[in-house]
file query-v6.tsv (TSV, C-alpha atoms)
chain	number	residue	atom	x	y	z
B	1	MET	CA	27.64	-59.43	48.87
B	2	THR	CA	30.37	-61.96	48.36
B	3	LEU	CA	32.43	-62.16	45.22
B	4	GLU	CA	30.92	-65.56	44.45
B	5	SER	CA	27.43	-64.13	44.29
B	6	PHE	CA	28.56	-61.29	42.11
B	7	ASP	CA	26.63	-60.58	38.93
B	8	HIS	CA	29.52	-60.18	36.51
B	9	THR	CA	27.33	-59.70	33.47
B	10	GLY	CA	25.02	-57.38	35.34
B	11	VAL	CA	27.89	-55.10	36.22
B	12	PHE	CA	28.85	-54.75	32.58
B	13	ARG	CA	25.28	-54.01	31.71
B	14	ALA	CA	24.70	-51.57	34.55
B	15	LEU	CA	27.68	-49.51	33.48
B	16	ALA	CA	26.78	-49.55	29.81
B	17	ASP	CA	24.63	-46.47	30.23
B	18	PRO	CA	26.74	-43.28	30.19
B	19	THR	CA	24.58	-41.42	32.71
B	20	ARG	CA	24.62	-44.36	35.06
B	21	ARG	CA	28.36	-44.58	34.71
B	22	ALA	CA	28.64	-40.88	35.50
B	23	VAL	CA	26.46	-41.35	38.59
B	24	PHE	CA	28.70	-44.19	39.71
B	25	GLU	CA	31.84	-42.13	39.18
B	26	ARG	CA	30.45	-39.21	41.18
B	27	LEU	CA	29.74	-41.52	44.08
B	28	VAL	CA	33.28	-42.84	44.28
B	29	GLY	CA	34.70	-41.45	47.49
B	30	ALA	CA	31.68	-39.21	48.05
B	31	GLU	CA	28.45	-40.05	49.83
B	32	MET	CA	25.49	-38.15	48.37
B	33	THR	CA	21.74	-37.89	48.52
B	34	VAL	CA	19.61	-38.11	45.40
B	35	SER	CA	19.19	-34.34	45.39
B	36	ASP	CA	22.97	-33.86	45.70
B	37	LEU	CA	23.35	-36.08	42.69
B	38	THR	CA	20.65	-34.38	40.68
B	39	THR	CA	22.64	-31.14	40.92
B	40	GLY	CA	25.03	-31.17	38.03
B	41	PHE	CA	23.11	-33.64	35.92
B	42	SER	CA	20.58	-32.61	33.32
B	43	VAL	CA	18.54	-35.60	34.41
B	44	SER	CA	15.42	-35.62	36.57
B	45	GLN	CA	15.44	-36.85	40.13
B	46	PRO	CA	13.26	-39.89	39.33
B	47	ALA	CA	15.68	-40.83	36.56
B	48	ILE	CA	18.62	-40.55	38.95
B	49	SER	CA	16.72	-42.73	41.41
B	50	GLN	CA	16.23	-45.34	38.71
B	51	HIS	CA	19.92	-45.34	37.88
B	52	LEU	CA	20.73	-45.71	41.56
B	53	ALA	CA	18.39	-48.66	41.83
B	54	ALA	CA	20.10	-50.35	38.89
B	55	LEU	CA	23.53	-49.71	40.37
B	56	ARG	CA	22.44	-50.98	43.78
B	57	GLY	CA	20.99	-54.06	42.14
B	58	VAL	CA	24.44	-55.21	41.07
B	59	GLY	CA	26.24	-54.04	44.18
B	60	LEU	CA	28.00	-51.08	42.61
B	61	VAL	CA	26.29	-48.60	44.93
B	62	SER	CA	25.22	-48.95	48.55
B	63	GLU	CA	22.57	-47.03	50.47
B	64	ARG	CA	22.67	-45.75	54.04
B	65	ARG	CA	19.53	-44.39	55.61
B	66	ALA	CA	19.69	-41.70	58.30
B	67	GLY	CA	16.40	-40.21	59.41
B	68	ARG	CA	14.49	-39.06	56.39
B	69	PHE	CA	17.56	-39.03	54.18
B	70	ALA	CA	19.18	-41.75	52.14
B	71	TYR	CA	22.85	-41.52	51.29
B	72	TYR	CA	24.51	-43.32	48.45
B	73	LYS	CA	28.09	-44.23	47.77
B	74	ALA	CA	29.96	-46.29	45.22
B	75	GLU	CA	31.41	-49.68	46.01
B	76	PRO	CA	34.36	-49.72	43.60
B	77	GLU	CA	35.54	-53.14	44.76
B	78	ALA	CA	32.49	-54.48	42.97
B	79	LEU	CA	34.47	-53.85	39.79
B	80	ALA	CA	37.00	-56.50	40.76
B	81	PRO	CA	35.75	-59.08	38.23
B	82	LEU	CA	36.22	-56.56	35.43
B	83	VAL	CA	39.69	-55.72	36.62
B	84	ASP	CA	40.49	-59.43	36.79
B	85	TRP	CA	39.27	-59.84	33.24
B	86	ILE	CA	41.59	-57.14	31.96
B	87	ASP	CA	44.53	-58.46	33.96
B	88	LYS	CA	43.97	-61.89	32.46
B	89	TYR	CA	44.30	-60.60	28.92
B	90	ARG	CA	47.17	-58.25	29.68
B	91	ALA	CA	49.11	-61.37	30.60
B	92	PHE	CA	47.60	-63.63	27.94
B	93	TRP	CA	48.37	-61.72	24.75
B	94	PRO	CA	52.10	-61.04	25.14
B	95	GLU	CA	52.65	-64.71	25.88
B	96	ARG	CA	50.67	-65.78	22.80
B	97	ILE	CA	52.40	-63.30	20.54
B	98	GLU	CA	55.72	-64.82	21.60
B	99	ARG	CA	54.35	-68.15	20.40
B	100	LEU	CA	53.22	-66.50	17.18
B	101	LYS	CA	56.77	-65.30	16.63
B	102	ASP	CA	57.99	-68.87	17.01
B	103	VAL	CA	55.39	-70.03	14.51
B	104	LEU	CA	56.55	-67.40	12.03
B	105	LYS	CA	60.19	-68.47	12.43
B	106	GLY	CA	59.20	-72.05	11.71
B	107	MET	CA	57.27	-71.31	8.51
B	108	ASP	CA	58.99	-72.30	5.26
B	109	ARG	CA	58.66	-69.09	3.36
K	1	MET	CA	37.59	-37.47	42.81
K	2	SER	CA	41.03	-38.21	44.21
K	3	ASP	CA	40.08	-41.85	44.75
K	4	LEU	CA	39.81	-42.37	41.03
K	5	ALA	CA	43.24	-43.67	40.37
K	6	ASP	CA	43.47	-45.76	37.26
K	7	THR	CA	42.23	-45.22	33.79
K	8	VAL	CA	42.12	-48.41	31.86
K	9	GLU	CA	42.35	-48.32	28.12
K	10	ASP	CA	42.21	-50.82	25.33
K	11	ILE	CA	44.83	-53.48	25.47
K	12	VAL	CA	47.13	-52.41	22.65
K	13	LEU	CA	50.28	-54.33	21.83
K	14	ASP	CA	52.78	-53.45	19.10
K	15	TYR	CA	55.36	-55.75	17.59
K	16	ASP	CA	57.93	-55.52	14.84
K	17	LEU	CA	58.27	-58.79	13.00
K	18	ASP	CA	60.90	-59.92	10.51
K	19	GLU	CA	58.34	-61.64	8.30
K	20	ALA	CA	56.40	-59.93	5.51
K	21	PRO	CA	52.67	-59.19	5.85
K	22	GLU	CA	51.80	-62.08	3.53
K	23	LYS	CA	53.41	-64.55	5.89
K	24	VAL	CA	52.03	-62.91	9.02
K	25	TRP	CA	48.56	-63.00	7.49
K	26	ARG	CA	48.81	-66.74	6.99
K	27	ALA	CA	49.87	-67.21	10.59
K	28	LEU	CA	46.80	-65.24	11.63
K	29	THR	CA	44.28	-66.98	9.38
K	30	GLN	CA	45.28	-70.59	8.65
K	31	PRO	CA	43.78	-72.93	11.22
K	32	GLU	CA	46.81	-75.17	11.65
K	33	LEU	CA	49.11	-72.17	12.11
K	34	VAL	CA	46.70	-70.36	14.44
K	35	ALA	CA	46.39	-73.57	16.44
K	36	ALA	CA	50.11	-73.51	17.13
K	37	TRP	CA	50.02	-70.18	18.95
K	38	LEU	CA	46.43	-69.47	19.93
K	39	GLY	CA	44.68	-72.81	20.24
K	40	PRO	CA	42.48	-75.30	18.37
K	41	ASN	CA	40.19	-73.50	15.95
K	42	ASP	CA	38.40	-73.59	12.61
K	43	ILE	CA	39.09	-70.04	11.55
K	44	ALA	CA	38.56	-68.75	8.01
K	45	PRO	CA	39.20	-65.13	7.09
K	46	GLU	CA	35.73	-64.38	5.79
K	47	VAL	CA	33.46	-61.77	7.31
K	48	GLY	CA	30.62	-63.47	9.14
K	49	HIS	CA	32.47	-66.76	9.53
K	50	ARG	CA	31.84	-68.17	12.97
K	51	PHE	CA	34.38	-70.39	14.57
K	52	ALA	CA	35.28	-71.97	17.83
K	53	LEU	CA	38.61	-71.28	19.45
K	54	GLU	CA	40.03	-72.93	22.53
K	55	PRO	CA	42.93	-70.83	23.77
K	56	THR	CA	42.71	-72.52	27.16
K	57	PRO	CA	41.56	-76.17	27.48
K	58	ASP	CA	37.84	-76.45	28.21
K	59	LYS	CA	37.31	-72.69	27.93
K	60	PRO	CA	36.11	-72.23	24.36
K	61	VAL	CA	35.66	-68.81	22.86
K	62	ASP	CA	32.89	-68.24	20.35
K	63	CYS	CA	34.27	-66.11	17.53
K	64	GLU	CA	32.91	-64.37	14.46
K	65	ILE	CA	34.99	-62.59	11.85
K	66	LEU	CA	34.05	-58.91	11.74
K	67	GLU	CA	36.69	-57.66	9.30
K	68	ALA	CA	39.11	-59.43	6.99
K	69	ASP	CA	41.21	-57.21	4.76
K	70	PRO	CA	43.95	-59.56	3.51
K	71	GLU	CA	47.43	-58.81	4.78
K	72	ARG	CA	46.17	-55.65	6.48
K	73	ARG	CA	43.47	-56.07	9.04
K	74	LEU	CA	41.67	-58.92	10.77
K	75	SER	CA	39.07	-58.50	13.45
K	76	TRP	CA	36.86	-60.91	15.26
K	77	ARG	CA	34.35	-60.98	18.06
K	78	TRP	CA	35.56	-62.81	21.12
K	79	ARG	CA	32.66	-64.17	23.16
K	80	GLU	CA	33.33	-66.10	26.33
K	81	ALA	CA	31.36	-67.28	29.30
K	82	ASP	CA	31.80	-65.52	32.60
K	83	GLU	CA	31.75	-67.39	35.90
K	84	ARG	CA	27.98	-67.32	36.08
K	85	GLY	CA	27.22	-68.54	32.61
K	86	GLY	CA	26.60	-65.10	31.13
K	87	MET	CA	28.42	-64.18	27.97
K	88	VAL	CA	30.97	-61.41	27.67
K	89	ASP	CA	31.86	-60.00	24.26
K	90	SER	CA	35.00	-58.20	23.26
K	91	THR	CA	36.78	-57.59	19.97
K	92	ILE	CA	40.24	-58.67	18.82
K	93	THR	CA	41.83	-56.72	15.99
K	94	PHE	CA	45.13	-57.40	14.25
K	95	GLU	CA	46.57	-54.65	12.08
K	96	VAL	CA	49.46	-55.59	9.83
K	97	THR	CA	51.57	-52.98	8.04
K	98	PRO	CA	54.69	-53.51	5.93
K	99	THR	CA	57.97	-52.10	7.17
K	100	PRO	CA	60.66	-50.66	4.84
K	101	LEU	CA	62.99	-53.60	5.36
K	102	GLY	CA	60.45	-56.18	4.28
K	103	GLY	CA	59.09	-57.08	7.67
K	104	SER	CA	55.80	-56.25	9.33
K	105	HIS	CA	54.47	-54.18	12.11
K	106	LEU	CA	51.77	-56.02	14.02
K	107	ARG	CA	49.35	-54.22	16.28
K	108	LEU	CA	46.97	-56.21	18.44
K	109	VAL	CA	44.02	-54.44	20.03
K	110	HIS	CA	41.67	-56.14	22.47
K	111	SER	CA	38.83	-53.82	23.21
K	112	GLY	CA	35.21	-53.06	23.80
K	113	VAL	CA	33.72	-55.32	26.37
K	114	ARG	CA	30.03	-55.72	26.28
K	115	ALA	CA	27.89	-58.11	28.17
K	116	ALA	CA	25.33	-60.24	26.47
K	117	GLY	CA	23.53	-61.82	29.36
K	118	ALA	CA	21.37	-64.86	29.34
K	119	GLY	CA	18.11	-64.62	27.47
K	120	SER	CA	16.74	-61.50	25.92
K	121	VAL	CA	19.78	-59.34	26.31
K	122	LEU	CA	21.44	-60.86	23.28
K	123	GLY	CA	18.85	-59.28	21.06
K	124	ALA	CA	19.53	-55.87	22.48
K	125	ALA	CA	23.27	-56.24	22.41
K	126	ASN	CA	23.88	-52.85	20.88
K	127	ASP	CA	22.25	-51.16	23.82
K	128	ASN	CA	24.58	-52.99	26.10
K	129	THR	CA	27.80	-51.89	24.58
K	130	LEU	CA	30.20	-51.00	27.26
K	131	MET	CA	33.52	-49.43	26.57
K	132	LEU	CA	34.93	-50.85	29.69
K	133	TRP	CA	38.25	-49.17	29.37
K	134	SER	CA	36.87	-45.67	29.73
K	135	LEU	CA	35.96	-46.55	33.26
K	136	LYS	CA	37.84	-45.23	36.18
K	137	TRP	CA	37.83	-46.74	39.58
K	138	ALA	CA	39.52	-46.62	42.90
K	139	ALA	CA	42.56	-48.84	42.74

call {"tool": "encode", "arguments": {"input": "query-v6.tsv", "output": "structure tokens"}}
result
Amino acid sequence: MTLESFDHTGVFRALADPTRRAVFERLVGAEMTVSDLTTGFSVSQPAISQHLAALRGVGLVSERRAGRFAYYKAEPEALAPLVDWIDKYRAFWPERIERLKDVLKGMDR
Amino acid sequence: MSDLADTVEDIVLDYDLDEAPEKVWRALTQPELVAAWLGPNDIAPEVGHRFALEPTPDKPVDCEILEADPERRLSWRWREADERGGMVDSTITFEVTPTPLGGSHLRLVHSGVRAAGAGSVLGAANDNTLMLWSLKWAA
């Protein structure tokens, strides 16, 4: 999946669900099966599978099949558009507030 | 979980200004003054007022006033298009407090990203609230 084809909005939406976000976080740096993941969540295996499907759909999680097992891991670089978004505004606001200060200095009273 | 490096939080910026809250409020709410530091706009400090803002040429932001407590607190929704034509919502809040020497303390908070995708998602926007900044990811 290239960055150009990335579903920016879908990533926001996929991570809006707290359980799904928790699944994603558990899969960062750790490859797990669905049953590994189900341990530690008070969520059924089918529900975990659904969350995984949603995360895979936007490229946040990848699947590797080996024999009769499927292993899942997070693809954190898929968050790059969100990081870019934040970086943009971390630079934007201080610059604009400096302009605001100039505006205030120029006001009559 | 050692790969989880960063925790991103709301963008929060604090400033001490020489001007009194009354003056700062005008700079935050009068279109011609806002235009001088934030971009062309038709802002009015009334809850529910929708206005267009163009902080960057040809990249308009669709705004709606969420809170307007004169000389204290101003908040608006900040809705912009992402690269694919979806809409991304966040919230801008200005908090103004008087300082003992007659100036103001200004706090700016930019927070709470949520995605309102094309089509039906807009109607279910509350279900799509994403507090982006609570996310952690590998740097």

call {"tool": "atom_distance", "arguments": {"input": "query-v6.tsv", "atom1": "CA of Gly67 in chain B", "atom2": "CA of Ala53 in chain B"}}
result
19.6 Å

call {"tool": "interface_residues", "arguments": {"input": "query-v6.tsv", "of": "chain B", "to": "chain K", "cutoff": "9 Å", "atoms": "all atoms listed in the file", "output": "NGL selection string"}}
result
:B and (4-18 or 21 or 25-30 or 76-77 or 79 or 82 or 86 or 89-90 or 93-94 or 96-105 or 107 or 109)

call {"tool": "closest_residue", "arguments": {"input": "query-v6.tsv", "among": "B:Gln45, B:Phe69, B:Ala80, B:Ala74", "to": "Ala22 in chain B", "atoms": "all atoms listed in the file"}}
result
B:Ala74

call {"tool": "residues_around", "arguments": {"input": "query-v6.tsv", "residues": "Leu55 in chain B", "least_positions_apart": "3", "cutoff": "8 Å", "atoms": "all atoms listed in the file", "output": "list in words"}}
result
Ala14, Arg20, Phe24, His51, Leu52, Val58, Gly59, Leu60 and Val61 of chain B

call {"tool": "atom_distance", "arguments": {"input": "query-v6.tsv", "atom1": "CA of Ser35 in chain B", "atom2": "CA of Ala78 in chain B"}}
result
24.3 Å

call {"tool": "residues_around", "arguments": {"input": "query-v6.tsv", "residues": "Ala52 in chain K", "least_positions_apart": "4", "cutoff": "6 Å", "atoms": "all atoms listed in the file", "output": "number ranges by chain"}}
result
K: 41, 61-63

call {"tool": "axis_aligned_box", "arguments": {"input": "query-v6.tsv", "around": "range 93-96 of chain B", "padding_each_side": "8 Å", "output": "JSON"}}
result
{"center_x": 50.5, "center_y": -63.4, "center_z": 24.3, "size_x": 20.3, "size_y": 20.7, "size_z": 19.1}

call {"tool": "atom_distance", "arguments": {"input": "query-v6.tsv", "atom1": "CA of Arg73 in chain K", "atom2": "CA of Asp84 in chain B"}}
result
28.1 Å

call {"tool": "closest_residue", "arguments": {"input": "query-v6.tsv", "among": "K:Glu80, K:Pro31, K:Pro98, K:Pro60", "to": "Pro45 in chain K", "atoms": "only C-alpha atoms"}}
result
K:Pro31

call {"tool": "residues_near_point", "arguments": {"input": "query-v6.tsv", "point": "(26.6, -40.3, 52.0)", "cutoff": "9 Å", "atoms": "all atoms listed in the file", "output": "PyMOL selection string"}}
result
chain B and resi 27+30-33+63-65+70-73

call {"tool": "closest_residue", "arguments": {"input": "query-v6.tsv", "among": "K:Asp16, K:Asp89, K:Glu64, K:Glu54", "to": "Gly103 in chain K", "atoms": "only C-alpha atoms"}}
result
K:Asp16
